[in-house]
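Next comes start_27.cif, a file with mmCIF, C-alpha atoms.
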data_target
loop_
_atom_site.label_atom_id
_atom_site.label_comp_id
_atom_site.auth_asym_id
_atom_site.auth_seq_id
_atom_site.Cartn_x
_atom_site.Cartn_y
_atom_site.Cartn_z
CA MET A 1 0.00 0.00 0.00
CA ASP A 2 2.91 2.20 -0.02
CA LYS A 3 2.53 4.28 -3.16
CA GLY A 4 4.99 7.02 -2.30
CA ILE A 5 2.73 8.92 0.02
CA LYS A 6 4.37 9.74 3.28
CA ASN A 7 2.35 10.06 6.43
CA GLU A 8 4.16 12.79 8.29
CA LYS A 9 2.94 15.17 10.92
CA ALA A 10 2.13 18.72 9.88
CA GLY A 11 5.14 20.99 10.10
CA ALA A 12 7.66 18.23 10.15
CA SER A 13 9.34 19.39 6.97
CA THR A 14 8.77 23.17 7.34
CA PRO A 15 10.69 25.33 9.79
CA ALA A 16 8.78 26.94 12.66
CA ILE A 17 8.10 30.65 11.93
CA PRO A 18 6.39 32.82 14.49
CA SER A 19 2.95 34.05 13.42
CA LYS A 20 2.28 37.71 12.74
CA VAL A 21 0.07 37.91 15.82
CA GLU A 22 2.82 36.65 18.09
CA GLY A 23 5.18 39.29 16.76
CA THR A 24 2.83 42.17 17.68
CA GLN A 25 2.10 41.12 21.23
CA SER A 26 3.93 42.95 23.96
CA SER A 27 6.17 40.86 26.10
CA ASP A 28 6.39 43.53 28.79
CA GLN A 29 4.60 41.80 31.62
CA SER A 30 5.16 44.73 33.98
CA LYS A 31 2.46 46.73 32.12
CA LEU A 32 -0.04 43.98 32.67
CA ASP A 33 0.65 43.48 36.35
CA LEU A 34 -1.68 45.40 38.66
CA ASN A 35 -0.23 47.02 41.68
CA THR A 36 -1.82 45.03 44.44
CA ASN A 37 0.34 46.58 47.09
CA THR A 38 -1.69 49.83 47.34
CA SER A 39 -1.49 51.13 50.87
CA SER A 40 -4.58 51.47 53.00
CA GLU A 41 -3.87 55.20 53.36
CA GLU A 42 -4.04 55.66 49.61
CA VAL A 43 -7.27 53.67 49.49
CA LYS A 44 -8.77 55.85 52.24
CA LYS A 45 -7.63 58.99 50.43
CA LEU A 46 -9.13 57.83 47.13
CA GLN A 47 -12.34 56.77 48.91
CA GLY A 48 -12.57 60.24 50.49
CA GLU A 49 -12.14 61.90 47.09
CA LEU A 50 -14.77 59.58 45.61
CA ASP A 51 -17.21 60.42 48.43
CA ALA A 52 -16.61 64.16 47.91
CA LYS A 53 -17.28 63.83 44.17
CA GLU A 54 -20.43 61.81 44.83
CA SER A 55 -21.75 64.44 47.26
CA GLU A 56 -20.91 67.14 44.68
CA ILE A 57 -22.84 65.19 42.03
CA ILE A 58 -25.83 64.86 44.36
CA SER A 59 -25.72 68.61 45.07
CA LEU A 60 -25.56 69.40 41.36
CA LYS A 61 -28.48 67.06 40.67
CA GLU A 62 -30.53 68.85 43.34
CA ASP A 63 -29.62 72.24 41.84
CA LEU A 64 -30.59 70.97 38.39
CA LYS A 65 -33.93 69.74 39.72
CA ALA A 66 -34.61 73.13 41.37
CA LYS A 67 -33.69 75.01 38.19
CA THR A 68 -35.90 72.72 36.12
CA GLU A 69 -38.82 73.42 38.46
CA GLN A 70 -38.17 77.16 38.11
CA ILE A 71 -38.15 76.86 34.33
CA VAL A 72 -41.45 74.99 34.34
CA ALA A 73 -42.98 77.64 36.63
CA LEU A 74 -41.73 80.47 34.40
CA GLU A 75 -43.03 78.76 31.26
CA THR A 76 -46.45 78.36 32.88
CA GLU A 77 -46.42 82.02 33.96
CA HIS A 78 -45.41 83.07 30.44
CA ARG A 79 -48.24 81.06 28.88
CA GLU A 80 -50.78 82.55 31.30
CA PHE A 81 -49.51 86.09 30.67
CA LYS A 82 -49.61 85.56 26.91
CA ASP A 83 -53.18 84.23 27.11
CA LYS A 84 -54.17 87.20 29.27
CA LEU A 85 -52.71 89.73 26.82
CA LYS A 86 -54.02 88.10 23.65
CA PRO A 87 -57.52 89.73 23.80
CA GLU A 88 -55.98 93.13 24.57
CA ILE A 89 -53.58 92.80 21.63
CA GLU A 90 -56.42 91.87 19.30
CA LYS A 91 -58.44 94.85 20.56
CA ILE A 92 -55.53 97.23 19.92
CA GLN A 93 -55.01 95.76 16.44
CA THR A 94 -58.69 96.30 15.63
CA GLU A 95 -58.52 99.89 16.89
CA ASN A 96 -55.37 100.41 14.80
CA LYS A 97 -57.16 99.19 11.65
CA ASP A 98 -60.11 101.49 12.40
CA LEU A 99 -57.77 104.46 12.86
CA LYS A 100 -55.99 103.68 9.60
CA ALA A 101 -59.34 103.55 7.81
CA GLN A 102 -60.30 106.91 9.31
CA VAL A 103 -56.98 108.47 8.25
CA GLU A 104 -57.40 107.17 4.70
CA LYS A 105 -60.96 108.51 4.62
CA LEU A 106 -59.82 111.93 5.82
CA GLN A 107 -56.93 112.00 3.33
CA SER A 108 -59.10 111.03 0.39
CA GLY A 109 -62.00 113.30 1.38
CA SER A 110 -62.18 116.86 0.08
CA GLY A 111 -61.58 119.81 2.34
CA LYS A 112 -61.96 123.50 1.63
CA ASN A 113 -58.34 123.94 0.54
CA GLU A 114 -57.99 120.65 -1.33
CA PRO A 115 -58.74 120.42 -5.04
CA VAL A 116 -61.80 118.49 -6.10
CA LYS A 117 -61.21 115.74 -8.61
CA THR A 118 -63.56 116.11 -11.50
CA GLU A 119 -64.83 113.44 -13.83
CA GLY A 120 -63.85 115.17 -17.08
CA LYS A 121 -60.37 116.02 -18.25
CA PHE A 122 -59.40 119.69 -18.40
CA THR A 123 -56.72 120.70 -20.89
CA VAL A 124 -54.94 124.05 -21.26
CA ILE A 125 -55.76 125.80 -24.57
CA ALA A 126 -53.93 129.06 -23.81
CA SER A 127 -50.81 129.26 -21.61
CA PHE A 128 -51.20 130.98 -18.26
CA ARG A 129 -49.28 131.46 -15.05
CA GLY A 130 -50.57 129.81 -11.86
CA ASN A 131 -51.66 132.08 -9.03
CA GLN A 132 -50.65 129.66 -6.25
CA ASP A 133 -47.12 129.33 -4.85
CA GLY A 134 -45.01 126.83 -6.75
CA GLU A 135 -47.46 126.29 -9.63
CA GLY A 136 -45.38 127.91 -12.30
CA ILE A 137 -46.63 128.20 -15.91
CA PHE A 138 -49.28 125.95 -17.47
CA ASN A 139 -48.53 125.33 -21.15
CA ILE A 140 -50.89 124.37 -23.98
CA GLY A 141 -51.89 120.71 -23.73
CA ASP A 142 -51.19 120.37 -19.99
CA ASP A 143 -53.77 118.50 -17.90
CA VAL A 144 -55.12 120.71 -15.10
CA SER A 145 -57.86 118.38 -13.84
CA HIS A 146 -56.23 118.41 -10.42
CA LEU A 147 -57.25 122.03 -9.78
CA SER A 148 -60.30 122.88 -7.64
CA ALA A 149 -63.74 122.98 -9.27
CA GLU A 150 -64.13 126.74 -8.69
CA ARG A 151 -60.79 127.51 -10.29
CA LEU A 152 -61.49 125.23 -13.27
CA LYS A 153 -64.84 126.99 -13.81
CA SER A 154 -63.05 130.35 -13.78
CA LEU A 155 -60.39 129.13 -16.25
CA VAL A 156 -63.05 127.69 -18.60
CA ASP A 157 -65.01 130.99 -18.43
CA ARG A 158 -61.83 132.90 -19.42
CA GLU A 159 -61.20 130.39 -22.23
CA LEU A 160 -57.80 129.31 -20.88
CA VAL A 161 -58.90 125.68 -20.32
CA LYS A 162 -61.35 123.42 -22.13
CA GLU A 163 -63.11 120.38 -20.77
CA GLY A 164 -62.78 117.08 -22.55
#
Representation of the structure as structure tokens:
Amino acid sequence: MDKGIKNEKAGASTPAIPSKVEGTQSSDQSKLDLNTNTSSEEVKKLQGELDAKESEIISLKEDLKAKTEQIVALETEHREFKDKLKPEIEKIQTENKDLKAQVEKLQSGSGKNEPVKTEGKFTVIASFRGNQDGEGIFNIGDDVSHLSAERLKSLVDRELVKEG
């Protein structure tokens, strides 16, 4: 049954080479050793520091709880105040709209000194100088419909302006 096949153990003919993992592991055992010889004084000192930090954490948690309660109270007060003011704000806004409407009505309405807008168009047929400050000269073809009704009637009667 021997056909040239050898039954050897694995690695018998190959040299032993360390694996890549073995090469990366630290052989410094001192880093892995824990110092078990900590003195009781050091333990007591560290325990005292730990207790102080824990009491500080508890105090901060209590402060946080108090501040959170204050925030909730202020938010509730803000909501109540806002709800209380809402009708007053709406009332003021309504009054403001009414006042704006009144101002527009007064500005668009005719007073004694304001010119009356007429339906027809009035055009200058003979140049003339205005008798009001800052009017200047009205030339042929200018539209003078913006002048008051009384003044337009006078200009039409003097044949300086024609309607239409």
Polymer residues at most 12 Å from A:Asn131, only C-alpha atoms, same-chain spacing of 5 or more positions, as a PDB file with C-alpha atoms, keeping the file's coordinate frame:
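See out-v8.pdb below for the written result:
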ATOM      1  CA  GLY A 136     -45.380 127.910 -12.300  1.00  0.00           C
ATOM      2  CA  ILE A 137     -46.630 128.200 -15.910  1.00  0.00           C
ATOM      3  CA  PHE A 138     -49.280 125.950 -17.470  1.00  0.00           C
ATOM      4  CA  LEU A 147     -57.250 122.030  -9.780  1.00  0.00           C
ATOM      5  CA  ARG A 151     -60.790 127.510 -10.290  1.00  0.00           C
ATOM      6  CA  LEU A 155     -60.390 129.130 -16.250  1.00  0.00           C
TER       7      LEU A 155
END
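Atom CA of A:Leu160 is positioned 11.2 Å from atom CA of A:Asp142.
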- Nearest candidate to A:Arg158 (options A:Ile89, A:Val144, A:Asp133, A:Ile125; using all atoms listed in the file): A:Ile125
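Atom CA of A:Asn139 lies 4.6 Å from atom CA of A:Ser127.
When the PyMOL selection byres ((chain A and resi 159) around 12) is evaluated against the file, it yields A:Phe122, A:Thr123, A:Val124, A:Ile125, A:Ala126, A:Ser127, A:Phe128, A:Leu152, A:Lys153, A:Ser154, A:Leu155, A:Val156, A:Asp157, A:Arg158, A:Leu160, A:Val161, A:Lys162, A:Glu163.
The gap separating atom CA of A:Phe81 from atom CA of A:Asn96 is 22.2 Å, in Å to one decimal.
Nearest-residue note for A:Lys121: choosing from A:Gln93, A:Ser145, A:Thr76, A:Ser59, the minimum distance belongs to A:Ser145, counting all atoms listed in the file.
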Let me have the centre and edge lengths of the axis-aligned box enclosing all listed atoms of stretch 54-68 of chain A with 6 Å padding on every side, in Å to one decimal, as JSON.
{"center_x": -28.2, "center_y": 68.4, "center_z": 41.7, "size_x": 27.5, "size_y": 25.2, "size_z": 23.1}
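Proximity ranking of A:Glu49, A:Gly164, A:Glu42, A:Glu62 relative to A:Gly141 places A:Gly164 first, based on all atoms listed in the file.
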